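Take a look at the structure below.
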Amino acid sequence: MSRVNSNVPTTVGAGASVATHLISGNDYQTIIFAGPDGYLQGLGDMYVITALAIPMTTPPKDFLALINQPNSNVILKVHAINSWSEQTTGIPGTPRGIRVFRCTSASDGDTIANSVIPSLNNAAGPVAPGVGASRASASGTTGLTITGGATEPLVVGAINTEEAGGGGLPSKIFRALGEPMLLSTGQGLTMRTDSTALGLASVSGTIWFEVVP
Amino acid sequence: MTRANDSIAVTPGAGQLVATQSPGDGKEYQVIIPSRADGHLSGTLPAYYISGLAMAKSASKHYLGLVNQPNSNVMLEVSCVSIWEETTGTVTGLARGYRLFRMTSMSAGTTISNSTIGRTDVSASDPAAPGIAASRNGLTITGLATEPIAAGAINEEEAGAGGIVTVLFDEYMTGQPILLSTGQGVTIQQDGTAGVGTFSAGMYFRILT
């Protein structure tokens, strides 16, 4: 069965018009989905931050962090996290673990200015409010300095750093299947490599997130 | 709260027929059609596809661009961008990085004629996509953004997962597409290493009039 097998007659009267789509004599009410917070789905203020080809040195290394700054008056919803390796020379690589931890703040490294954080909605979109984003320096050996890091990771995955063994294939570390990660004010996330020495390869990562007032 | 906390009683009468499903439990379940937030019925907008196939590589090269032309009076939604490697001989490859950037215009390269842009719901003889500029293979870009809007990598070597498609962006990751207003576009750029083999890319997008 691919179509409805019944219907209910209703009396049409004066008042507000309810959107329907007429197919074979039956009116199908058309609806627009909203989240449990009432915001219409598909219209969020979505942003992305990226760390590219960060040297895999001094493990464990925190290489990309997103913080909902204190007193921001917004909530951040993290929808997706990816990680992968890039190379300029061949290496004897191995599968390396990537962990995502909650944290409260990040320092050192390079700040990603709010004014250059890309938006999915508009090239000249509003500057991401209340967002603190930073990444490890592409030229340095040390990673971000994290405070308030959680004991247990929120999500984990791995990447292959060997060019002869799947190196470069992005790993989908996190996908929000209905429920994103929520970052209230003063909360954040950090992406961290495991504690094994990683040779000459690099690590990259991307975090897609939504800003909800 | 995970369930509805209220209900509305409806008085049946003569008039329009509301679509329902009666699965045999004595109740009528209203059947609805979901809509996008802009009112378009979900799954009914045509999707278009542009690609660049087996293009020669070079460092920082721009391979595939899509621009919503100024004064087009349409909005573009980029729903999926994927990249991969193709080879005709064996190569000693590495993990090569690629980035998707916003930009404002492009020149050079090879223009993909609107009349040949593939559409998912009808054949290629359908009217050309309006308001679209698409080009591939060696683009000159202006208005390139500072930060990428998506990024990823592919493996160049056949002995190391070469040929496996990497999805740079998919609207299912974020729940919404990349929007391109008039005068806005996106481009796929290689990292700063020349690399080996060839590069291919494809991009799905929708047009909102």
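Letters A, B, ... go to the chains of the structure tokens in the order shown; residues in each chain start at 1; ligands are counted from 1 in the same order.
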* **Long-range neighbours of segment 196-202 of chain B as an MDAnalysis selection string, 9 Å cut-off, only C-alpha atoms, 5 positions minimum in chain** => chainID B and resid 49:58 63:64 80:94 156:157 188
* **Contact residues (chain B, partner chain A, 7 Å, only C-alpha atoms) as a PyMOL selection string** => chain B and resi 11-22+31-37+93-97+102+146-149+152-155+157+159-161+166+173-180+193
* Mind checking DSSP for segment 5-166 of chain B and telling me the strand (DSSP E) residues as a ChimeraX atom specification? -> /B:12-21,29-30,32-35,47-56,62-68,75-86,95-103,105-112,118-119,132-142,150-155,166
Excluding segment 144-154 of chain A and any residue of its chain fewer than 5 positions from it, enumerate the residues within 12 Å of it, using only C-alpha atoms, and give them as a CSV table (one decimal) with N, CA and C atoms, in the first residue's frame.
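Result file part.csv:
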chain,number,residue,atom,x,y,z
A,51,ALA,N,40.2,22.7,11.5
A,51,ALA,CA,41.6,22.7,11.7
A,51,ALA,C,42.2,21.9,10.7
A,54,ILE,N,47.2,19.9,11.0
A,54,ILE,CA,47.9,20.2,12.3
A,54,ILE,C,48.9,19.1,12.5
A,58,THR,N,53.6,15.9,20.0
A,58,THR,CA,53.3,16.0,21.5
A,58,THR,C,51.9,15.4,21.9
A,59,PRO,N,51.7,14.1,21.6
A,59,PRO,CA,50.4,13.6,21.9
A,59,PRO,C,50.2,13.4,23.4
A,60,PRO,N,49.0,13.4,24.0
A,60,PRO,CA,47.8,13.7,23.3
A,60,PRO,C,47.7,15.2,23.0
A,61,LYS,N,47.2,15.5,21.8
A,61,LYS,CA,47.2,16.9,21.4
A,61,LYS,C,45.8,17.4,21.2
A,62,ASP,N,45.4,18.5,21.9
A,62,ASP,CA,44.1,19.1,21.6
A,62,ASP,C,44.3,20.0,20.4
A,63,PHE,N,43.5,19.7,19.4
A,63,PHE,CA,43.8,20.5,18.1
A,63,PHE,C,42.6,21.4,17.6
A,64,LEU,N,41.4,21.2,18.1
A,64,LEU,CA,40.3,22.0,17.7
A,64,LEU,C,39.3,22.1,18.8
A,65,ALA,N,38.9,23.3,19.2
A,65,ALA,CA,38.0,23.5,20.4
A,65,ALA,C,37.0,24.5,20.0
A,66,LEU,N,35.8,24.3,20.6
A,66,LEU,CA,34.6,25.2,20.4
A,66,LEU,C,34.1,25.4,21.8
A,67,ILE,N,33.9,26.7,22.2
A,67,ILE,CA,33.5,27.1,23.5
A,67,ILE,C,32.3,28.0,23.4
A,78,VAL,N,25.9,21.1,18.6
A,78,VAL,CA,26.9,20.5,17.7
A,78,VAL,C,26.3,19.3,16.9
A,81,ILE,N,30.9,16.1,13.5
A,81,ILE,CA,32.3,16.2,13.7
A,81,ILE,C,33.0,15.2,12.8
A,97,GLY,N,43.7,7.1,17.4
A,97,GLY,CA,42.4,7.5,18.0
A,97,GLY,C,42.2,9.0,18.1
A,98,ILE,N,41.0,9.4,17.9
A,98,ILE,CA,40.5,10.8,18.0
A,98,ILE,C,39.4,10.8,19.1
A,99,ARG,N,39.6,11.6,20.1
A,99,ARG,CA,38.5,11.7,21.1
A,99,ARG,C,38.0,13.1,21.2
A,100,VAL,N,36.7,13.2,21.5
A,100,VAL,CA,36.1,14.5,21.8
A,100,VAL,C,35.6,14.5,23.2
A,101,PHE,N,36.1,15.6,23.9
A,101,PHE,CA,35.8,15.7,25.4
A,101,PHE,C,35.1,17.0,25.6
A,102,ARG,N,34.2,17.0,26.6
A,102,ARG,CA,33.7,18.3,27.0
A,102,ARG,C,34.8,19.0,27.8
A,103,CYS,N,34.7,20.3,27.8
A,103,CYS,CA,35.7,21.1,28.5
A,103,CYS,C,35.0,22.5,28.8
A,104,THR,N,35.7,23.3,29.6
A,104,THR,CA,35.1,24.6,29.9
A,104,THR,C,35.9,25.8,29.2
A,105,SER,N,37.1,25.6,28.9
A,105,SER,CA,37.8,26.7,28.2
A,105,SER,C,39.0,26.2,27.5
A,106,ALA,N,39.5,26.9,26.5
A,106,ALA,CA,40.7,26.6,25.7
A,106,ALA,C,41.6,27.8,25.5
A,107,SER,N,42.9,27.6,25.7
A,107,SER,CA,43.8,28.8,25.5
A,107,SER,C,45.0,28.3,24.6
A,108,ASP,N,45.9,29.3,24.4
A,108,ASP,CA,47.0,29.0,23.5
A,108,ASP,C,46.5,28.7,22.1
A,109,GLY,N,47.4,28.2,21.2
A,109,GLY,CA,46.9,27.9,19.8
A,109,GLY,C,46.5,29.2,19.1
A,110,ASP,N,45.8,29.0,18.0
A,110,ASP,CA,45.4,30.2,17.2
A,110,ASP,C,43.8,30.3,17.3
A,111,THR,N,43.5,31.6,17.7
A,111,THR,CA,42.0,31.9,17.7
A,111,THR,C,41.4,31.9,16.3
A,133,ALA,N,36.3,29.9,19.4
A,133,ALA,CA,36.9,28.8,18.6
A,133,ALA,C,38.4,29.0,18.5
A,134,SER,N,39.1,27.9,18.6
A,134,SER,CA,40.5,28.0,18.5
A,134,SER,C,41.1,26.6,18.0
A,135,ARG,N,42.3,26.7,17.5
A,135,ARG,CA,42.9,25.4,17.0
A,135,ARG,C,44.4,25.5,17.2
A,136,ALA,N,45.0,24.3,17.3
A,136,ALA,CA,46.4,24.3,17.5
A,136,ALA,C,47.1,24.9,16.3
A,137,SER,N,48.2,25.5,16.5
A,137,SER,CA,49.0,26.2,15.4
A,137,SER,C,49.5,25.1,14.4
A,138,ALA,N,49.4,25.4,13.2
A,138,ALA,CA,49.9,24.5,12.1
A,138,ALA,C,51.4,24.5,12.1
A,173,ILE,N,33.2,11.2,13.1
A,173,ILE,CA,33.3,11.0,14.5
A,173,ILE,C,32.0,11.1,15.2
A,174,PHE,N,31.1,12.1,14.7
A,174,PHE,CA,29.8,12.3,15.3
A,174,PHE,C,28.8,12.8,14.3
A,180,PRO,N,21.5,16.6,19.0
A,180,PRO,CA,22.9,17.2,18.9
A,180,PRO,C,23.5,17.2,20.3
A,181,MET,N,24.8,17.5,20.3
A,181,MET,CA,25.5,17.8,21.6
A,181,MET,C,25.1,19.2,21.9
A,182,LEU,N,24.7,19.4,23.1
A,182,LEU,CA,24.3,20.8,23.6
A,182,LEU,C,25.5,21.4,24.4
A,186,GLY,N,29.5,28.6,29.0
A,186,GLY,CA,30.6,28.1,29.8
A,186,GLY,C,31.0,26.7,29.5
A,187,GLN,N,30.4,26.1,28.5
A,187,GLN,CA,30.7,24.7,28.2
A,187,GLN,C,31.3,24.7,26.8
A,188,GLY,N,32.2,23.7,26.5
A,188,GLY,CA,32.8,23.5,25.2
A,188,GLY,C,33.2,22.1,24.9
A,189,LEU,N,33.8,21.9,23.7
A,189,LEU,CA,34.3,20.7,23.3
A,189,LEU,C,35.7,20.8,22.8
A,190,THR,N,36.5,19.8,22.9
A,190,THR,CA,37.8,19.8,22.3
A,190,THR,C,38.1,18.4,21.6
A,191,MET,N,38.7,18.5,20.5
A,191,MET,CA,39.1,17.3,19.7
A,191,MET,C,40.6,17.0,20.1
A,192,ARG,N,40.8,15.8,20.4
A,192,ARG,CA,42.1,15.4,21.0
A,192,ARG,C,42.6,14.1,20.4
A,193,THR,N,43.9,14.1,20.0
A,193,THR,CA,44.5,12.8,19.5
A,193,THR,C,44.8,11.9,20.7
A,194,ASP,N,45.0,10.6,20.4
A,194,ASP,CA,45.4,9.7,21.5
A,194,ASP,C,46.8,10.0,22.0
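Coordinates place atom CA of Asp191 of chain B at a distance of 24.1 Å from atom CA of Phe205 of chain B.
In this structure, atom CA of Leu100 of chain B sits 11.9 Å away from atom CA of Ser60 of chain B.
Every protein or nucleic acid residue with an atom no more than 10 Å from Thr142 of chain B, counting only C-alpha atoms and leaving out same-chain residues fewer than 4 positions away, appears here: B:Arg102, B:Met103, B:Thr104, B:Ser105, B:Met106, B:Ser107.
Across the structure, atom CA of Val165 of chain B and atom CA of Met203 of chain B are spaced 12.6 Å apart.
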